[in-house]
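Below is work_32.pdb, which holds PDB, N, CA and C atoms.
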```
ATOM      1  N   MET A1112     -57.701 111.614 141.249
ATOM      2  CA  MET A1112     -58.354 110.716 142.170
ATOM      3  C   MET A1112     -59.295 109.794 141.386
ATOM      4  N   ARG A1113     -59.325 108.554 141.769
ATOM      5  CA  ARG A1113     -60.177 107.567 141.106
ATOM      6  C   ARG A1113     -61.640 107.764 141.505
ATOM      7  N   ASN A1114     -62.540 107.398 140.602
ATOM      8  CA  ASN A1114     -63.971 107.483 140.903
ATOM      9  C   ASN A1114     -64.326 106.632 142.116
ATOM     10  N   ASP A1115     -63.729 105.439 142.206
ATOM     11  CA  ASP A1115     -63.966 104.565 143.362
ATOM     12  C   ASP A1115     -63.626 105.281 144.666
ATOM     13  N   ASP A1116     -62.494 105.983 144.668
ATOM     14  CA  ASP A1116     -62.044 106.675 145.878
ATOM     15  C   ASP A1116     -63.024 107.769 146.299
ATOM     16  N   VAL A1117     -63.579 108.476 145.319
ATOM     17  CA  VAL A1117     -64.548 109.536 145.621
ATOM     18  C   VAL A1117     -65.798 108.931 146.263
ATOM     19  N   ILE A1118     -66.320 107.864 145.659
ATOM     20  CA  ILE A1118     -67.526 107.226 146.196
ATOM     21  C   ILE A1118     -67.255 106.649 147.580
ATOM     22  N   GLN A1119     -66.089 106.045 147.771
ATOM     23  CA  GLN A1119     -65.733 105.494 149.081
ATOM     24  C   GLN A1119     -65.672 106.596 150.138
ATOM     25  N   SER A1120     -65.079 107.722 149.789
ATOM     26  CA  SER A1120     -64.979 108.838 150.741
ATOM     27  C   SER A1120     -66.356 109.356 151.136
ATOM     28  N   ILE A1121     -67.233 109.497 150.152
ATOM     29  CA  ILE A1121     -68.587 109.978 150.433
ATOM     30  C   ILE A1121     -69.341 108.951 151.276
ATOM     31  N   ARG A1122     -69.125 107.681 150.967
ATOM     32  CA  ARG A1122     -69.787 106.622 151.731
ATOM     33  C   ARG A1122     -69.448 106.722 153.219
ATOM     34  N   TYR A1123     -68.167 106.873 153.525
ATOM     35  CA  TYR A1123     -67.758 106.922 154.926
ATOM     36  C   TYR A1123     -68.123 108.244 155.587
ATOM     37  N   MET A1124     -68.113 109.313 154.812
ATOM     38  CA  MET A1124     -68.491 110.610 155.350
ATOM     39  C   MET A1124     -69.962 110.618 155.775
ATOM     40  N   LEU A1125     -70.817 109.965 154.986
ATOM     41  CA  LEU A1125     -72.253 109.944 155.265
ATOM     42  C   LEU A1125     -72.706 108.658 155.957
ATOM     43  N   ASP A1126     -71.769 107.751 156.223
ATOM     44  CA  ASP A1126     -72.058 106.463 156.872
ATOM     45  C   ASP A1126     -73.128 105.686 156.103
ATOM     46  N   LEU A1127     -72.887 105.479 154.804
ATOM     47  CA  LEU A1127     -73.821 104.774 153.931
ATOM     48  C   LEU A1127     -73.407 103.314 153.781
ATOM     49  N   ASN A1128     -74.385 102.425 153.633
ATOM     50  CA  ASN A1128     -74.070 101.028 153.357
ATOM     51  C   ASN A1128     -74.285 100.741 151.866
ATOM     52  N   ASP A1129     -74.028  99.512 151.447
ATOM     53  CA  ASP A1129     -74.149  99.157 150.030
ATOM     54  C   ASP A1129     -75.560  99.395 149.497
ATOM     55  N   ASN A1130     -76.572  99.068 150.297
ATOM     56  CA  ASN A1130     -77.954  99.263 149.851
ATOM     57  C   ASN A1130     -78.278 100.737 149.638
ATOM     58  N   GLU A1131     -77.748 101.596 150.490
ATOM     59  CA  GLU A1131     -77.982 103.039 150.335
ATOM     60  C   GLU A1131     -77.250 103.581 149.109
ATOM     61  N   ILE A1132     -76.056 103.068 148.834
ATOM     62  CA  ILE A1132     -75.335 103.471 147.617
ATOM     63  C   ILE A1132     -76.145 103.051 146.393
ATOM     64  N   ALA A1133     -76.666 101.819 146.397
ATOM     65  CA  ALA A1133     -77.497 101.339 145.286
ATOM     66  C   ALA A1133     -78.745 102.211 145.142
ATOM     67  N   HIS A1134     -79.341 102.607 146.257
ATOM     68  CA  HIS A1134     -80.522 103.476 146.231
ATOM     69  C   HIS A1134     -80.187 104.830 145.597
ATOM     70  N   ILE A1135     -79.047 105.393 145.953
ATOM     71  CA  ILE A1135     -78.620 106.675 145.380
ATOM     72  C   ILE A1135     -78.452 106.544 143.871
ATOM     73  N   LEU A1136     -77.854 105.454 143.425
ATOM     74  CA  LEU A1136     -77.693 105.226 141.986
ATOM     75  C   LEU A1136     -79.051 105.105 141.298
ATOM     76  N   LYS A1137     -79.980 104.421 141.937
ATOM     77  CA  LYS A1137     -81.311 104.220 141.354
ATOM     78  C   LYS A1137     -82.104 105.522 141.283
ATOM     79  N   LEU A1138     -81.837 106.460 142.195
ATOM     80  CA  LEU A1138     -82.535 107.750 142.160
ATOM     81  C   LEU A1138     -82.307 108.469 140.840
ATOM     82  N   ARG A1139     -81.172 108.235 140.224
ATOM     83  CA  ARG A1139     -80.858 108.890 138.946
ATOM     84  C   ARG A1139     -81.090 107.962 137.751
ATOM     85  N   GLY A1140     -81.640 106.785 138.023
ATOM     86  CA  GLY A1140     -82.012 105.905 136.925
ATOM     87  C   GLY A1140     -80.993 104.837 136.574
ATOM     88  N   TYR A1141     -79.952 104.699 137.369
ATOM     89  CA  TYR A1141     -78.945 103.667 137.117
ATOM     90  C   TYR A1141     -79.332 102.426 137.905
ATOM     91  N   LYS A1142     -79.375 101.301 137.231
ATOM     92  CA  LYS A1142     -79.703 100.045 137.902
ATOM     93  C   LYS A1142     -78.429  99.219 138.045
ATOM     94  N   PRO A1143     -77.807  99.269 139.226
ATOM     95  CA  PRO A1143     -76.555  98.525 139.403
ATOM     96  C   PRO A1143     -76.787  97.020 139.323
ATOM     97  N   GLU A1144     -75.856  96.351 138.653
ATOM     98  CA  GLU A1144     -75.920  94.894 138.576
ATOM     99  C   GLU A1144     -75.537  94.304 139.926
ATOM    100  N   ARG A1145     -75.922  93.069 140.134
ATOM    101  CA  ARG A1145     -75.618  92.378 141.389
ATOM    102  C   ARG A1145     -74.105  92.375 141.611
ATOM    103  N   GLY A1146     -73.672  92.833 142.748
ATOM    104  CA  GLY A1146     -72.255  92.844 143.090
ATOM    105  C   GLY A1146     -71.496  94.067 142.601
ATOM    106  N   GLU A1147     -72.122  94.908 141.793
ATOM    107  CA  GLU A1147     -71.428  96.079 141.241
ATOM    108  C   GLU A1147     -71.064  97.081 142.335
ATOM    109  N   VAL A1148     -71.964  97.302 143.267
ATOM    110  CA  VAL A1148     -71.690  98.240 144.361
ATOM    111  C   VAL A1148     -70.596  97.674 145.265
ATOM    112  N   ALA A1149     -70.677  96.398 145.579
ATOM    113  CA  ALA A1149     -69.655  95.770 146.428
ATOM    114  C   ALA A1149     -68.284  95.837 145.767
ATOM    115  N   HIS A1150     -68.246  95.754 144.438
ATOM    116  CA  HIS A1150     -66.976  95.818 143.705
ATOM    117  C   HIS A1150     -66.282  97.169 143.906
ATOM    118  N   ILE A1151     -67.058  98.231 144.043
ATOM    119  CA  ILE A1151     -66.482  99.563 144.248
ATOM    120  C   ILE A1151     -65.640  99.587 145.521
ATOM    121  N   PHE A1152     -66.106  98.897 146.548
ATOM    122  CA  PHE A1152     -65.452  98.952 147.854
ATOM    123  C   PHE A1152     -64.490  97.796 148.105
ATOM    124  N   LYS A1153     -64.443  96.867 147.181
ATOM    125  CA  LYS A1153     -63.595  95.683 147.328
ATOM    126  C   LYS A1153     -62.115  96.026 147.420
ATOM    127  N   SER A1154     -61.691  97.023 146.675
ATOM    128  CA  SER A1154     -60.263  97.337 146.586
ATOM    129  C   SER A1154     -59.849  98.530 147.441
ATOM    130  N   GLN A1155     -60.675  98.938 148.390
ATOM    131  CA  GLN A1155     -60.421 100.183 149.113
ATOM    132  C   GLN A1155     -59.137 100.198 149.921
ATOM    133  N   ASN A1156     -58.645  99.072 150.379
ATOM    134  CA  ASN A1156     -57.430  99.052 151.193
ATOM    135  C   ASN A1156     -56.192  98.635 150.416
ATOM    136  N   LEU A1157     -56.318  98.505 149.108
ATOM    137  CA  LEU A1157     -55.184  98.104 148.280
ATOM    138  C   LEU A1157     -54.420  99.325 147.785
ATOM    139  N   PRO A1158     -53.118  99.167 147.503
ATOM    140  CA  PRO A1158     -52.374 100.255 146.870
ATOM    141  C   PRO A1158     -52.940 100.530 145.472
ATOM    142  N   ASP A1159     -52.771 101.754 144.978
ATOM    143  CA  ASP A1159     -53.337 102.144 143.684
ATOM    144  C   ASP A1159     -52.957 101.204 142.551
ATOM    145  N   ASP A1160     -51.714 100.725 142.535
ATOM    146  CA  ASP A1160     -51.281  99.873 141.425
ATOM    147  C   ASP A1160     -51.894  98.471 141.476
ATOM    148  N   GLU A1161     -52.591  98.130 142.557
ATOM    149  CA  GLU A1161     -53.229  96.818 142.680
ATOM    150  C   GLU A1161     -54.755  96.898 142.645
ATOM    151  N   LYS A1162     -55.312  98.079 142.499
ATOM    152  CA  LYS A1162     -56.763  98.252 142.604
ATOM    153  C   LYS A1162     -57.536  97.711 141.409
ATOM    154  N   GLY A1163     -56.942  97.630 140.270
ATOM    155  CA  GLY A1163     -57.674  97.144 139.105
ATOM    156  C   GLY A1163     -58.488  98.244 138.456
ATOM    157  N   GLU A1164     -59.550  97.828 137.782
ATOM    158  CA  GLU A1164     -60.352  98.752 136.993
ATOM    159  C   GLU A1164     -61.224  99.643 137.881
ATOM    160  N   ASP A1165     -61.266 100.930 137.530
ATOM    161  CA  ASP A1165     -62.090 101.912 138.230
ATOM    162  C   ASP A1165     -63.562 101.668 137.881
ATOM    163  N   CYS A1166     -64.475 102.216 138.659
ATOM    164  CA  CYS A1166     -65.899 101.957 138.439
ATOM    165  C   CYS A1166     -66.433 102.595 137.162
ATOM    166  N   GLY A1167     -65.789 103.588 136.639
ATOM    167  CA  GLY A1167     -66.215 104.172 135.376
ATOM    168  C   GLY A1167     -66.976 105.478 135.538
ATOM    169  N   HIS A1168     -66.974 106.245 134.455
ATOM    170  CA  HIS A1168     -67.573 107.576 134.481
ATOM    171  C   HIS A1168     -69.102 107.548 134.487
ATOM    172  N   VAL A1169     -69.704 106.569 133.828
ATOM    173  CA  VAL A1169     -71.170 106.521 133.778
ATOM    174  C   VAL A1169     -71.737 106.279 135.173
ATOM    175  N   LEU A1170     -71.193 105.303 135.884
ATOM    176  CA  LEU A1170     -71.643 105.029 137.250
ATOM    177  C   LEU A1170     -71.393 106.242 138.139
ATOM    178  N   MET A1171     -70.225 106.857 138.006
ATOM    179  CA  MET A1171     -69.880 108.014 138.831
ATOM    180  C   MET A1171     -70.832 109.182 138.576
ATOM    181  N   ALA A1172     -71.149 109.437 137.314
ATOM    182  CA  ALA A1172     -72.063 110.527 136.973
ATOM    183  C   ALA A1172     -73.450 110.277 137.568
ATOM    184  N   HIS A1173     -73.933 109.041 137.475
ATOM    185  CA  HIS A1173     -75.224 108.698 138.072
ATOM    186  C   HIS A1173     -75.177 108.834 139.593
ATOM    187  N   PHE A1174     -74.063 108.427 140.200
ATOM    188  CA  PHE A1174     -73.941 108.529 141.655
ATOM    189  C   PHE A1174     -73.991 109.988 142.104
ATOM    190  N   LEU A1175     -73.251 110.859 141.445
ATOM    191  CA  LEU A1175     -73.226 112.266 141.851
ATOM    192  C   LEU A1175     -74.595 112.925 141.694
ATOM    193  N   ASP A1176     -75.267 112.654 140.574
ATOM    194  CA  ASP A1176     -76.609 113.209 140.390
ATOM    195  C   ASP A1176     -77.586 112.605 141.395
ATOM    196  N   GLY A1177     -77.460 111.301 141.648
ATOM    197  CA  GLY A1177     -78.307 110.647 142.644
ATOM    198  C   GLY A1177     -78.073 111.197 144.035
ATOM    199  N   LEU A1178     -76.819 111.551 144.331
ATOM    200  CA  LEU A1178     -76.489 112.136 145.633
ATOM    201  C   LEU A1178     -77.199 113.480 145.819
ATOM    202  N   ILE A1179     -77.284 114.248 144.748
ATOM    203  CA  ILE A1179     -78.021 115.521 144.810
ATOM    204  C   ILE A1179     -79.484 115.248 145.146
ATOM    205  N   TYR A1180     -80.096 114.272 144.481
ATOM    206  CA  TYR A1180     -81.490 113.915 144.771
ATOM    207  C   TYR A1180     -81.629 113.391 146.198
ATOM    208  N   TYR A1181     -80.671 112.601 146.642
ATOM    209  CA  TYR A1181     -80.690 112.009 147.985
ATOM    210  C   TYR A1181     -80.634 113.088 149.066
ATOM    211  N   LYS A1182     -79.798 114.094 148.857
ATOM    212  CA  LYS A1182     -79.616 115.147 149.859
ATOM    213  C   LYS A1182     -80.653 116.264 149.745
ATOM    214  N   ARG A1183     -81.109 116.571 148.514
ATOM    215  CA  ARG A1183     -81.965 117.744 148.313
ATOM    216  C   ARG A1183     -83.346 117.436 147.757
ATOM    217  N   GLY A1184     -83.529 116.235 147.240
ATOM    218  CA  GLY A1184     -84.795 115.879 146.606
ATOM    219  C   GLY A1184     -84.789 116.250 145.132
ATOM    220  N   LYS A1185     -85.712 115.659 144.391
ATOM    221  CA  LYS A1185     -85.829 115.937 142.959
ATOM    222  C   LYS A1185     -86.609 117.230 142.758
ATOM    223  N   SER A1186     -86.210 117.983 141.750
ATOM    224  CA  SER A1186     -86.909 119.220 141.420
ATOM    225  C   SER A1186     -88.117 118.899 140.547
ATOM    226  N   LYS A1187     -89.263 119.410 140.940
ATOM    227  CA  LYS A1187     -90.471 119.219 140.139
ATOM    228  C   LYS A1187     -90.542 120.235 139.004
ATOM    229  N   ASP A1188     -89.759 121.305 139.128
ATOM    230  CA  ASP A1188     -89.795 122.378 138.142
ATOM    231  C   ASP A1188     -88.874 122.140 136.950
ATOM    232  N   HIS A1189     -87.849 121.323 137.136
ATOM    233  CA  HIS A1189     -86.855 121.129 136.083
ATOM    234  C   HIS A1189     -86.676 119.644 135.786
ATOM    235  N   PRO A1190     -86.656 119.283 134.505
ATOM    236  CA  PRO A1190     -86.377 117.879 134.174
ATOM    237  C   PRO A1190     -84.904 117.567 134.447
ATOM    238  N   PRO A1191     -84.569 116.297 134.685
ATOM    239  CA  PRO A1191     -83.164 115.961 134.931
ATOM    240  C   PRO A1191     -82.306 116.266 133.709
ATOM    241  N   ARG A1192     -81.117 116.756 133.975
ATOM    242  CA  ARG A1192     -80.172 117.024 132.888
ATOM    243  C   ARG A1192     -79.579 115.707 132.406
ATOM    244  N   PRO A1193     -79.132 115.677 131.156
ATOM    245  CA  PRO A1193     -78.478 114.453 130.675
ATOM    246  C   PRO A1193     -77.196 114.182 131.465
ATOM    247  N   ILE A1194     -76.867 112.922 131.604
ATOM    248  CA  ILE A1194     -75.637 112.521 132.289
ATOM    249  C   ILE A1194     -74.447 113.013 131.477
ATOM    250  N   GLN A1195     -73.472 113.605 132.157
ATOM    251  CA  GLN A1195     -72.272 114.120 131.495
ATOM    252  C   GLN A1195     -71.083 113.226 131.816
ATOM    253  N   THR A1196     -70.418 112.776 130.785
ATOM    254  CA  THR A1196     -69.172 112.016 130.959
ATOM    255  C   THR A1196     -68.149 112.572 129.994
ATOM    256  N   PRO A1197     -66.884 112.476 130.272
ATOM    257  CA  PRO A1197     -66.278 111.919 131.470
ATOM    258  C   PRO A1197     -66.459 112.858 132.664
ATOM    259  N   VAL A1198     -66.397 112.283 133.850
ATOM    260  CA  VAL A1198     -66.539 113.050 135.084
ATOM    261  C   VAL A1198     -65.168 113.597 135.462
ATOM    262  N   THR A1199     -65.057 114.918 135.487
ATOM    263  CA  THR A1199     -63.796 115.570 135.837
ATOM    264  C   THR A1199     -63.789 115.927 137.320
ATOM    265  N   ASN A1200     -62.624 116.241 137.850
ATOM    266  CA  ASN A1200     -62.531 116.670 139.252
ATOM    267  C   ASN A1200     -63.365 117.919 139.495
ATOM    268  N   ASN A1201     -63.370 118.831 138.529
ATOM    269  CA  ASN A1201     -64.152 120.059 138.643
ATOM    270  C   ASN A1201     -65.646 119.742 138.732
ATOM    271  N   MET A1202     -66.095 118.781 137.930
ATOM    272  CA  MET A1202     -67.492 118.378 137.951
ATOM    273  C   MET A1202     -67.853 117.754 139.303
ATOM    274  N   VAL A1203     -66.950 116.953 139.859
ATOM    275  CA  VAL A1203     -67.187 116.350 141.176
ATOM    276  C   VAL A1203     -67.391 117.452 142.213
ATOM    277  N   LEU A1204     -66.513 118.443 142.214
ATOM    278  CA  LEU A1204     -66.635 119.541 143.182
ATOM    279  C   LEU A1204     -67.949 120.300 143.016
ATOM    280  N   LYS A1205     -68.336 120.570 141.775
ATOM    281  CA  LYS A1205     -69.585 121.302 141.530
ATOM    282  C   LYS A1205     -70.797 120.524 142.026
ATOM    283  N   LYS A1206     -70.819 119.228 141.759
ATOM    284  CA  LYS A1206     -71.973 118.420 142.168
ATOM    285  C   LYS A1206     -72.019 118.236 143.684
ATOM    286  N   LEU A1207     -70.863 118.118 144.319
ATOM    287  CA  LEU A1207     -70.837 118.037 145.781
ATOM    288  C   LEU A1207     -71.300 119.356 146.389
ATOM    289  N   ARG A1208     -70.920 120.443 145.755
ATOM    290  CA  ARG A1208     -71.350 121.769 146.223
ATOM    291  C   ARG A1208     -72.872 121.872 146.192
ATOM    292  N   VAL A1209     -73.483 121.406 145.114
ATOM    293  CA  VAL A1209     -74.943 121.441 145.002
ATOM    294  C   VAL A1209     -75.584 120.493 146.018
ATOM    295  N   ALA A1210     -75.074 119.267 146.109
ATOM    296  CA  ALA A1210     -75.664 118.259 147.003
ATOM    297  C   ALA A1210     -75.667 118.721 148.455
ATOM    298  N   PHE A1211     -74.587 119.356 148.879
ATOM    299  CA  PHE A1211     -74.453 119.750 150.280
ATOM    300  C   PHE A1211     -74.804 121.214 150.530
ATOM    301  N   LYS A1212     -75.405 121.869 149.527
ATOM    302  CA  LYS A1212     -75.878 123.256 149.647
ATOM    303  C   LYS A1212     -74.769 124.200 150.108
ATOM    304  N   LEU A1213     -73.613 124.058 149.496
ATOM    305  CA  LEU A1213     -72.477 124.909 149.849
ATOM    306  C   LEU A1213     -72.430 126.119 148.931
ATOM    307  N   ARG A1214     -72.066 127.242 149.479
ATOM    308  CA  ARG A1214     -71.868 128.457 148.686
ATOM    309  C   ARG A1214     -70.394 128.551 148.310
ATOM    310  N   GLU A1215     -70.096 129.492 147.436
ATOM    311  CA  GLU A1215     -68.716 129.642 146.976
ATOM    312  C   GLU A1215     -67.765 129.909 148.138
ATOM    313  N   LYS A1216     -68.174 130.751 149.078
ATOM    314  CA  LYS A1216     -67.299 131.046 150.222
ATOM    315  C   LYS A1216     -67.085 129.799 151.080
ATOM    316  N   ASP A1217     -68.104 128.930 151.175
ATOM    317  CA  ASP A1217     -67.942 127.667 151.909
ATOM    318  C   ASP A1217     -66.885 126.796 151.240
ATOM    319  N   MET A1218     -66.943 126.741 149.923
ATOM    320  CA  MET A1218     -65.967 125.936 149.171
ATOM    321  C   MET A1218     -64.556 126.477 149.375
ATOM    322  N   HIS A1219     -64.412 127.800 149.359
ATOM    323  CA  HIS A1219     -63.088 128.396 149.569
ATOM    324  C   HIS A1219     -62.540 128.043 150.950
ATOM    325  N   SER A1220     -63.386 128.124 151.964
ATOM    326  CA  SER A1220     -62.899 127.812 153.317
ATOM    327  C   SER A1220     -62.559 126.327 153.453
ATOM    328  N   ILE A1221     -63.310 125.458 152.799
ATOM    329  CA  ILE A1221     -63.006 124.023 152.831
ATOM    330  C   ILE A1221     -61.682 123.747 152.138
ATOM    331  N   LEU A1222     -61.476 124.358 150.984
ATOM    332  CA  LEU A1222     -60.262 124.105 150.204
ATOM    333  C   LEU A1222     -59.021 124.741 150.820
ATOM    334  N   GLU A1223     -59.194 125.770 151.647
ATOM    335  CA  GLU A1223     -58.049 126.408 152.305
ATOM    336  C   GLU A1223     -57.490 125.555 153.433
ATOM    337  N   ARG A1224     -58.271 124.652 153.965
ATOM    338  CA  ARG A1224     -57.833 123.817 155.096
ATOM    339  C   ARG A1224     -56.755 122.871 154.698
TER     340      ARG A1224
END
```

Is it possible to express this structure as C-alpha coordinates?
Amino acid sequence: MRNDDVIQSIRYMLDLNDNEIAHILKLRGYKPERGEVAHIFKSQNLPDDEKGEDCGHVLMAHFLDGLIYYKRGKSKDHPPRPIQTPVTNNMVLKKLRVAFKLREKDMHSILER
(Lines of atoms letter the chains of each structure in order from A and count residues from 1; the text may use other names and numbers.)
(Lines give C-alpha, C1' and ligand atoms only; values in the text may rest on other atoms or scores of the structure.)
Protein backbone atom coordinates (compact mmCIF):
# COMPACT_ATOMS: atom_id res chain seq x y z
CA MET A 1 0.00 0.00 0.00
CA ARG A 2 1.25 3.48 -0.85
CA ASN A 3 1.98 6.01 1.89
CA ASP A 4 -0.51 8.39 0.25
CA ASP A 5 -3.23 5.74 0.51
CA VAL A 6 -2.58 5.21 4.23
CA ILE A 7 -2.77 8.94 4.98
CA GLN A 8 -5.91 9.30 2.84
CA SER A 9 -7.60 6.42 4.68
CA ILE A 10 -6.77 7.90 8.08
CA ARG A 11 -7.95 11.31 6.91
CA TYR A 12 -11.39 10.01 5.97
CA MET A 13 -11.64 7.75 8.99
CA LEU A 14 -11.05 10.70 11.34
CA ASP A 15 -12.73 13.32 9.09
CA LEU A 16 -9.60 15.51 8.94
CA ASN A 17 -9.07 18.45 6.59
CA ASP A 18 -5.80 19.65 5.03
CA ASN A 19 -5.09 22.04 7.90
CA GLU A 20 -5.50 19.26 10.47
CA ILE A 21 -3.17 16.99 8.47
CA ALA A 22 -0.60 19.83 8.40
CA HIS A 23 -1.07 20.28 12.17
CA ILE A 24 -0.44 16.56 12.77
CA LEU A 25 2.77 16.78 10.73
CA LYS A 26 3.88 19.85 12.68
CA LEU A 27 3.32 18.06 16.01
CA ARG A 28 6.29 15.86 15.14
CA GLY A 29 8.39 18.70 13.79
CA TYR A 30 7.74 18.39 10.06
CA LYS A 31 7.00 21.67 8.33
CA PRO A 32 5.05 20.87 5.16
CA GLU A 33 5.71 23.12 2.20
CA ARG A 34 2.84 25.03 0.65
CA GLY A 35 0.70 22.61 -1.35
CA GLU A 36 2.47 19.49 -0.04
CA VAL A 37 -0.54 18.28 1.94
CA ALA A 38 -2.92 18.97 -0.96
CA HIS A 39 -0.59 16.96 -3.24
CA ILE A 40 -1.13 13.87 -1.07
CA PHE A 41 -4.86 13.94 -1.82
CA LYS A 42 -4.65 15.13 -5.42
CA SER A 43 -4.35 11.65 -6.89
CA GLN A 44 -6.78 9.81 -4.60
CA ASN A 45 -9.27 8.87 -7.33
CA LEU A 46 -6.72 7.88 -9.96
CA PRO A 47 -5.67 4.31 -10.79
CA ASP A 48 -2.35 3.28 -9.20
CA ASP A 49 -0.44 3.46 -12.49
CA GLU A 50 -1.47 7.13 -12.91
CA LYS A 51 -0.88 8.36 -9.35
CA GLY A 52 2.69 9.52 -9.81
CA GLU A 53 5.19 9.90 -7.00
CA ASP A 54 4.26 8.76 -3.49
CA CYS A 55 4.58 11.23 -0.60
CA GLY A 56 7.70 9.54 0.74
CA HIS A 57 8.84 7.80 3.89
CA VAL A 58 10.01 10.89 5.78
CA LEU A 59 6.61 12.59 5.55
CA MET A 60 4.86 9.32 6.39
CA ALA A 61 7.05 8.71 9.46
CA HIS A 62 6.36 12.24 10.73
CA PHE A 63 2.64 11.81 10.08
CA LEU A 64 2.41 8.55 12.03
CA ASP A 65 4.34 9.94 15.00
CA GLY A 66 2.30 13.15 14.83
CA LEU A 67 -0.88 11.08 14.81
CA ILE A 68 0.21 9.47 18.09
CA TYR A 69 0.70 12.95 19.60
CA TYR A 70 -2.63 14.11 18.12
CA LYS A 71 -4.58 11.19 19.61
CA ARG A 72 -2.68 10.66 22.89
CA GLY A 73 -0.63 13.78 23.56
CA LYS A 74 3.13 14.13 23.95
CA SER A 75 4.86 12.25 26.73
CA LYS A 76 6.63 14.48 29.23
CA ASP A 77 8.57 11.51 30.58
CA HIS A 78 10.17 10.36 27.33
CA PRO A 79 11.94 12.34 24.61
CA PRO A 80 10.71 11.74 21.05
CA ARG A 81 12.34 8.82 19.29
CA PRO A 82 14.25 9.47 16.08
CA ILE A 83 12.22 9.19 12.88
CA GLN A 84 12.57 5.72 11.34
CA THR A 85 12.63 5.23 7.59
CA PRO A 86 11.72 3.45 5.44
CA VAL A 87 8.20 3.05 6.80
CA THR A 88 7.11 -0.58 6.51
CA ASN A 89 3.58 -1.97 6.69
CA ASN A 90 4.47 -3.50 10.06
CA MET A 91 5.59 -0.11 11.35
CA VAL A 92 2.31 1.47 10.16
CA LEU A 93 0.31 -1.13 12.09
CA LYS A 94 2.39 -0.65 15.25
CA LYS A 95 2.03 3.13 15.20
CA LEU A 96 -1.71 2.95 14.52
CA ARG A 97 -2.01 0.52 17.41
CA VAL A 98 -0.30 3.02 19.72
CA ALA A 99 -2.24 6.04 18.40
CA PHE A 100 -5.63 4.38 18.86
CA LYS A 101 -4.74 2.63 22.15
CA LEU A 102 -5.38 -0.82 20.74
CA ARG A 103 -4.25 -3.98 22.49
CA GLU A 104 -2.98 -7.07 20.73
CA LYS A 105 -6.36 -8.80 20.98
CA ASP A 106 -8.00 -5.70 19.43
CA MET A 107 -5.60 -5.91 16.50
CA HIS A 108 -6.35 -9.61 16.03
CA SER A 109 -10.10 -9.01 15.94
CA ILE A 110 -9.67 -6.13 13.47
CA LEU A 111 -7.45 -8.19 11.18
CA GLU A 112 -9.79 -11.20 11.30
CA ARG A 113 -12.63 -9.18 9.75

Pick from A:Ile1179, A:His1173, A:Ile1121, A:Leu1136, whichever lies nearest to A:Thr1196 using only C-alpha atoms: A:His1173

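If you look at atom CA of A:Ser1186 and atom CA of A:Lys1206, they are 15.0 Å away from each other.
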
Please determine, counting only C-alpha atoms, which residue among A:Arg1183, A:Arg1122, A:Arg1208, A:Arg1113 has the shortest atom-to-atom distance to A:Val1148.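 Going through A:Arg1183, A:Arg1122, A:Arg1208, A:Arg1113 one by one, the smallest distance to A:Val1148 is for A:Arg1122.
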
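All residues of protein, DNA or RNA that reach within 10 Å of A:Tyr1180, judged by only C-alpha atoms and not counting those fewer than 2 positions away in the chain, are Ile1135, Leu1136, Leu1138, Arg1139, Phe1174, Leu1175, Asp1176, Gly1177, Leu1178, Lys1182, Arg1183, Gly1184, Lys1185, Ser1186, Val1209 and Ala1210 of chain A.
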
Could you tell me how far atom CA of A:Met1124 sits from atom C of A:Leu1222, in Å to one decimal place? 17.6 Å

Just want the 10 Å neighbourhood of A:Val1203, counted on only C-alpha atoms, with same-chain residues fewer than 2 positions away dropped. Output as a PyMOL selection string. chain A and resi 1114+1117+1171-1172+1175-1176+1198-1201+1205-1208

Closest of A:Tyr1181, A:Phe1152, A:Tyr1123, A:Tyr1141 to A:Ile1194 - atom-to-atom distances counting only C-alpha atoms: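 Closest residue, counting only C-alpha atoms: A:Tyr1141.
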
When DSSP is applied to the backbone of this structure, which of chain A are assigned helix (DSSP H, G or I)? Write them out as a PyMOL selection string. chain A and resi 1114-1125+1129-1138+1147-1153+1159-1161+1168-1183+1200-1210+1215-1223
